[in-house]
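Colleague: Next comes structure.cif, mmCIF, C-alpha atoms:
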data_start
#
loop_
_atom_site.label_atom_id
_atom_site.label_comp_id
_atom_site.auth_asym_id
_atom_site.auth_seq_id
_atom_site.Cartn_x
_atom_site.Cartn_y
_atom_site.Cartn_z
CA MET I 1 58.05 67.72 8.70
CA MET I 2 58.07 68.84 5.12
CA GLU I 3 57.04 72.39 4.35
CA GLY I 4 53.34 72.67 3.52
CA ARG I 5 52.39 69.62 5.58
CA LEU I 6 50.56 69.75 8.90
CA SER I 7 51.89 68.33 12.10
CA MET I 8 49.79 65.55 13.65
CA ARG I 9 48.56 67.97 16.31
CA GLU I 10 47.47 70.55 13.71
CA ALA I 11 45.69 67.89 11.67
CA ILE I 12 43.79 66.60 14.72
CA GLU I 13 42.72 70.13 15.71
CA ARG I 14 41.44 70.86 12.20
CA GLN I 15 39.54 67.57 12.00
CA ALA I 16 37.98 68.09 15.44
CA GLY I 17 36.49 71.36 14.25
CA ARG I 18 35.08 69.73 11.13
CA ARG I 19 33.55 66.86 13.07
CA SER I 20 31.83 69.05 15.65
CA CYS I 21 28.28 68.97 14.30
CA GLU I 22 26.05 68.48 17.35
CA GLY I 23 23.71 71.24 16.20
CA LEU I 24 23.17 69.57 12.86
CA VAL I 25 22.66 66.09 14.29
CA LEU I 26 20.80 66.76 17.54
CA GLY I 27 19.33 70.21 16.95
CA PHE I 28 17.41 69.35 13.80
CA GLY I 29 13.80 70.50 13.92
CA TYR I 30 10.99 71.10 11.47
CA ASP I 31 7.40 72.25 11.14
CA SER I 32 4.92 69.97 9.41
CA ARG I 33 1.52 68.34 9.83
CA ALA I 34 3.27 65.61 11.84
CA VAL I 35 3.69 68.06 14.74
CA VAL I 36 1.38 70.56 16.45
CA SER I 37 3.06 73.94 16.81
CA ASP I 38 2.92 75.62 20.20
CA GLY I 39 3.84 79.01 18.76
CA THR I 40 7.34 79.15 20.19
CA ALA I 41 10.33 80.12 18.08
CA PRO I 42 13.10 77.61 17.43
CA PRO I 43 16.49 78.14 19.05
CA ALA I 44 18.78 80.38 17.00
CA PRO I 45 22.41 79.69 17.96
CA ALA I 46 25.15 81.69 16.23
CA ASP I 47 26.53 78.45 14.73
CA PRO I 48 23.60 76.05 14.20
CA TYR I 49 25.94 73.48 12.65
CA ARG I 50 28.07 73.05 15.78
CA THR I 51 25.93 74.35 18.63
CA TYR I 52 23.14 72.19 20.03
CA VAL I 53 20.49 73.98 22.09
CA PRO I 54 18.23 71.40 23.77
CA THR I 55 14.53 72.18 23.36
CA ALA I 56 11.25 70.30 23.64
CA ARG I 57 9.66 72.54 21.01
CA PRO I 58 7.34 70.52 18.74
CA GLY I 59 9.26 69.25 15.72
CA HIS I 60 12.57 68.96 17.60
CA ARG I 61 14.16 65.87 19.09
CA ALA I 62 13.18 65.35 22.72
CA PRO I 63 16.14 66.45 24.84
CA HIS I 64 18.06 64.24 27.22
CA VAL I 65 17.66 65.04 30.91
CA TRP I 66 18.93 62.81 33.71
CA LEU I 67 16.25 61.51 36.06
CA HIS I 68 16.83 59.71 39.35
CA GLY I 69 15.04 56.60 40.56
CA PRO I 70 15.60 53.80 43.06
CA ASP I 71 17.73 51.93 40.52
CA GLY I 72 19.94 54.93 39.70
CA ARG I 73 20.01 57.41 36.83
CA VAL I 74 17.85 57.09 33.74
CA SER I 75 17.60 59.43 30.77
CA THR I 76 14.32 60.88 29.58
CA LEU I 77 15.27 59.31 26.24
CA ASP I 78 15.24 55.85 27.86
CA LEU I 79 11.53 56.33 28.58
CA LEU I 80 10.68 56.57 24.90
CA GLY I 81 9.64 53.50 22.99
CA PRO I 82 7.78 52.09 20.03
CA ARG I 83 4.66 54.18 20.70
CA PHE I 84 3.71 57.73 21.64
CA THR I 85 4.99 58.75 25.08
CA LEU I 86 3.48 61.47 27.24
CA LEU I 87 5.77 63.00 29.88
CA ALA I 88 4.18 65.11 32.62
CA PRO I 89 4.95 66.43 36.09
CA ALA I 90 3.70 64.14 38.87
CA GLY I 91 0.27 65.08 40.15
CA ALA I 92 -0.77 67.08 37.08
CA GLY I 93 -3.52 64.58 36.19
CA TRP I 94 -2.28 63.61 32.73
CA PRO I 95 -2.21 59.78 33.00
CA GLY I 96 -5.99 59.54 33.39
CA GLN I 97 -6.52 62.00 30.53
CA ALA I 98 -4.04 60.05 28.38
CA ALA I 99 -6.01 56.86 29.08
CA GLU I 100 -9.15 58.55 27.80
CA ALA I 101 -7.33 59.93 24.73
CA ALA I 102 -5.99 56.45 23.96
CA ARG I 103 -9.50 55.04 24.21
CA ARG I 104 -10.90 57.74 21.93
CA THR I 105 -8.18 57.50 19.28
CA GLY I 106 -7.34 53.80 19.48
CA VAL I 107 -3.67 54.83 19.60
CA PRO I 108 -1.51 53.30 22.35
CA LEU I 109 0.04 55.95 24.61
CA THR I 110 2.58 55.50 27.38
CA ALA I 111 2.16 58.09 30.14
CA VAL I 112 5.05 58.82 32.51
CA GLU I 113 4.94 61.15 35.49
CA ILE I 114 8.16 62.67 36.80
CA ALA I 115 8.31 64.22 40.26
CA ALA I 116 10.32 67.32 41.08
CA GLU I 117 11.05 66.06 44.59
CA GLU I 118 10.59 63.03 46.81
CA ILE I 119 6.99 61.87 47.09
CA SER I 120 5.24 59.37 49.30
CA ALA I 121 5.56 55.66 48.52
CA GLU I 122 1.77 55.32 48.69
CA ASP I 123 1.27 57.39 45.54
CA PRO I 124 4.21 56.90 43.15
CA PRO I 125 4.13 58.50 39.70
CA THR I 126 2.67 56.43 36.90
CA LEU I 127 4.92 54.68 34.42
CA GLY I 128 2.86 52.54 32.13
CA GLU I 129 0.38 52.33 29.33
CA SER I 130 -2.25 55.00 29.44
CA SER I 131 -5.42 52.96 29.24
CA PRO I 132 -7.11 50.66 31.71
CA HIS I 133 -6.23 47.00 31.16
CA ILE I 134 -8.42 45.26 28.62
CA PRO I 135 -7.88 41.46 28.68
CA GLY I 136 -6.17 40.29 25.50
CA ASP I 137 -5.26 43.81 24.39
CA PRO I 138 -1.49 44.37 24.64
CA PHE I 139 -1.83 48.09 23.91
CA THR I 140 -3.86 49.05 26.97
CA VAL I 141 -2.02 47.64 29.97
CA ALA I 142 -1.82 50.14 32.80
CA GLY I 143 0.86 49.98 35.44
CA ARG I 144 2.89 51.70 38.13
CA CYS I 145 6.60 52.24 37.85
CA PRO I 146 7.90 48.90 39.12
CA SER I 147 11.09 50.35 40.54
CA GLY I 148 9.60 53.46 42.13
CA PRO I 149 9.23 57.14 41.23
CA LEU I 150 11.38 59.07 38.78
CA LEU I 151 12.69 62.37 40.09
CA SER I 152 14.25 65.51 38.65
CA PRO I 153 13.96 69.05 39.97
CA THR I 154 14.81 70.51 36.55
CA TRP I 155 13.33 68.31 33.80
CA ALA I 156 10.01 70.21 33.47
CA LYS I 157 11.81 73.54 33.10
CA GLU I 158 14.19 72.02 30.54
CA TYR I 159 11.17 70.74 28.60
CA GLY I 160 9.43 74.13 28.81
CA LEU I 161 6.64 72.90 31.10
CA GLY I 162 4.87 74.38 34.06
CA PRO I 163 3.53 72.26 36.94
CA GLU I 164 0.49 71.12 34.91
CA GLY I 165 2.08 70.85 31.47
CA ALA I 166 2.81 67.81 29.32
CA VAL I 167 4.75 66.87 26.22
CA LEU I 168 3.83 64.16 23.69
CA ILE I 169 6.77 62.47 21.97
CA ARG I 170 6.48 60.41 18.80
CA PRO I 171 8.05 56.95 18.47
CA ASP I 172 10.91 58.50 16.46
CA GLY I 173 11.87 60.71 19.42
CA HIS I 174 10.58 64.00 18.00
CA VAL I 175 8.20 66.12 20.05
CA ALA I 176 4.72 65.95 18.53
CA TRP I 177 2.87 68.34 20.86
CA ARG I 178 3.46 70.36 23.99
CA SER I 179 1.03 71.90 26.45
CA PRO I 180 3.25 74.17 28.55
CA ASP I 181 0.78 74.84 31.34
CA GLY I 182 -2.11 72.37 31.11
CA PRO I 183 -4.61 71.76 32.49
CA ALA I 184 -4.69 68.02 31.78
CA SER I 185 -7.16 67.44 28.97
CA ALA I 186 -8.15 64.27 27.14
CA LEU I 187 -9.74 66.43 24.44
CA ALA I 188 -6.56 68.42 23.77
CA LEU I 189 -4.47 65.25 23.69
CA THR I 190 -6.98 63.50 21.41
CA LYS I 191 -6.90 66.44 18.99
CA ALA I 192 -3.09 66.42 19.02
CA VAL I 193 -2.87 62.68 18.26
CA ASP I 194 -5.44 62.95 15.48
CA ARG I 195 -3.63 65.95 13.96
CA VAL I 196 -0.21 64.30 14.09
CA LEU I 197 -1.63 61.17 12.41
CA SER I 198 -3.36 63.33 9.73
CA ARG I 199 -6.82 62.30 10.84
CA ARG I 200 -7.98 65.94 10.87
#
For this file, produce the structure as structure tokens.

Modeller:
Amino acid sequence: MMEGRLSMREAIERQAGRRSCEGLVLGFGYDSRAVVSDGTAPPAPADPYRTYVPTARPGHRAPHVWLHGPDGRVSTLDLLGPRFTLLAPAGAGWPGQAAEAARRTGVPLTAVEIAAEEISAEDPPTLGESSPHIPGDPFTVAGRCPSGPLLSPTWAKEYGLGPEGAVLIRPDGHVAWRSPDGPASALALTKAVDRVLSRR
């Protein structure tokens, strides 16, 4: 090669370093009235441009965690949709409280319970809309996970939740609110939804 020019290998190595921007793309977070702070500090990696530190801190993108179900693996991100989604550990009592919050606010919420270990088939975690079914109302259809429970021994820890905690995720995939330790509360969830939608 001519002097002053890079070999192909050198050029690829330099470009790879420039294109490594996971921290910028996935680690973006902010504080605003569209999120309810939980008082935790944001991650502070040495190189925030390249280093992505997954966190479910309000204002950050909800992190990907693999879950297991009867049909195979599914990402926590696959559970998100065109409405607010509440993720909670199985048995914490959040689906019923989410149904009440949806009724109070008029905002459709999807509540999903994720178990840390195998549970009985008689009481699978909820995966469905968070309000009782109202005929003719497409936003309040309740349901059970049609394919069975979702399981992960680590997802709650990775989301910063205790056994009774919950996290509310906006339709754009950013965490709106997090209750690290519960207890399940329709009032707290109602206040969070109203705050995020600038109703208070």

Colleague: For I:Val36, list every protein, DNA or RNA residue within 7 Å, evaluated using all atoms listed in the file, and leave out those in the same chain fewer than 5 positions away; present the list as a PyMOL selection string.

Modeller: chain I and resi 58+176-177+192+196

Colleague: List the residues selected by the PyMOL selection byres ((chain I and resi 180-187) around 9) in the file shown, writing them as a tab-separated table (two decimals) with C-alpha atoms, in the coordinates of the input.

Modeller:
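part-v3.tsv written:
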chain	number	residue	atom	x	y	z
I	38	ASP	CA	2.92	75.62	20.20
I	92	ALA	CA	-0.77	67.08	37.08
I	93	GLY	CA	-3.52	64.58	36.19
I	94	TRP	CA	-2.28	63.61	32.73
I	95	PRO	CA	-2.21	59.78	33.00
I	96	GLY	CA	-5.99	59.54	33.39
I	97	GLN	CA	-6.52	62.00	30.53
I	98	ALA	CA	-4.04	60.05	28.38
I	99	ALA	CA	-6.01	56.86	29.08
I	100	GLU	CA	-9.15	58.55	27.80
I	101	ALA	CA	-7.33	59.93	24.73
I	102	ALA	CA	-5.99	56.45	23.96
I	104	ARG	CA	-10.90	57.74	21.93
I	159	TYR	CA	11.17	70.74	28.60
I	160	GLY	CA	9.43	74.13	28.81
I	161	LEU	CA	6.64	72.90	31.10
I	162	GLY	CA	4.87	74.38	34.06
I	163	PRO	CA	3.53	72.26	36.94
I	164	GLU	CA	0.49	71.12	34.91
I	165	GLY	CA	2.08	70.85	31.47
I	166	ALA	CA	2.81	67.81	29.32
I	167	VAL	CA	4.75	66.87	26.22
I	178	ARG	CA	3.46	70.36	23.99
I	179	SER	CA	1.03	71.90	26.45
I	188	ALA	CA	-6.56	68.42	23.77
I	189	LEU	CA	-4.47	65.25	23.69
I	190	THR	CA	-6.98	63.50	21.41
I	191	LYS	CA	-6.90	66.44	18.99
I	192	ALA	CA	-3.09	66.42	19.02

Colleague: Between atom CA of I:Glu113 and atom CA of I:Glu22, what distance in Å does the model show, to one decimal?

Modeller: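 According to the coordinates, atom CA of I:Glu113 and atom CA of I:Glu22 are separated by 28.8 Å.
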
Colleague: What gap, in Å, lies between atom CA of I:Leu26 and atom CA of I:Thr40?

Modeller: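 Computing the Euclidean distance for atom CA of I:Leu26 and atom CA of I:Thr40 yields 18.5 Å.
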
Colleague: Can you tell me which residues surround I:Pro45 at a distance of at most 12 Å, considering only C-alpha atoms, apart from same-chain residues fewer than 6 positions away, and format the answer as a list of chain:residue names?

Modeller: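 The filter keeps I:Glu22, I:Gly23, I:Leu24, I:Gly27, I:Thr51, I:Tyr52, I:Val53, I:Pro54.
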
Colleague: When distances are computed from all atoms listed in the file, which of I:Ser20, I:Thr55, I:Thr154, I:Ser75 shows the smallest separation from I:Pro42?

Modeller: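 Smallest distance to I:Pro42 is found for I:Thr55.
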
Colleague: Where does the PyMOL selection byres ((chain I and resi 79-83) around 10) land in this file, that is, which residues does it pick, as a list in words?

Modeller: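 What the PyMOL selection byres ((chain I and resi 79-83) around 10) grabs from the file is Ala62, Val74, Ser75, Thr76, Leu77, Asp78, Phe84, Thr85, Leu86, Leu87, Val107, Pro108, Leu109, Thr110, Ala111, Val112, Leu127, Glu129, Phe139, Ile169, Arg170, Pro171, Asp172 and Gly173 of chain I.
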
Colleague: Here is a test: counting all atoms listed in the file, which residue of I:Gly91, I:Ser152, I:Arg103, I:Arg50 is nearest to I:Arg19?

Modeller: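 When distances to I:Arg19 are compared using all atoms listed in the file, the smallest one comes from I:Arg50.
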
Colleague: Just how far from atom CA of I:Val35 is atom CA of I:Ile114, in Å to one decimal?

Modeller: 23.1 Å

Colleague: Need a file for stretch 41-59 of chain I from that block: C-alpha atoms, written as a PDB file, in the first residue's frame.

Modeller:
ATOM      1  CA  ALA I  41     -29.166   8.113  40.028  1.00  0.00           C
ATOM      2  CA  PRO I  42     -28.615   7.326  36.353  1.00  0.00           C
ATOM      3  CA  PRO I  43     -25.820   4.951  35.374  1.00  0.00           C
ATOM      4  CA  ALA I  44     -22.468   6.699  34.944  1.00  0.00           C
ATOM      5  CA  PRO I  45     -20.229   4.593  32.694  1.00  0.00           C
ATOM      6  CA  ALA I  46     -16.713   5.846  31.946  1.00  0.00           C
ATOM      7  CA  ASP I  47     -17.621   6.094  28.240  1.00  0.00           C
ATOM      8  CA  PRO I  48     -21.354   6.893  27.980  1.00  0.00           C
ATOM      9  CA  TYR I  49     -21.089   7.064  24.190  1.00  0.00           C
ATOM     10  CA  ARG I  50     -19.995   3.439  23.776  1.00  0.00           C
ATOM     11  CA  THR I  51     -21.023   1.712  26.997  1.00  0.00           C
ATOM     12  CA  TYR I  52     -24.652   0.738  27.536  1.00  0.00           C
ATOM     13  CA  VAL I  53     -25.693   0.008  31.121  1.00  0.00           C
ATOM     14  CA  PRO I  54     -29.214  -1.478  31.147  1.00  0.00           C
ATOM     15  CA  THR I  55     -31.497   0.167  33.706  1.00  0.00           C
ATOM     16  CA  ALA I  56     -35.223   0.439  34.328  1.00  0.00           C
ATOM     17  CA  ARG I  57     -34.786   3.851  35.931  1.00  0.00           C
ATOM     18  CA  PRO I  58     -37.666   6.178  34.969  1.00  0.00           C
ATOM     19  CA  GLY I  59     -36.765   8.131  31.840  1.00  0.00           C
TER      20      GLY I  59
END
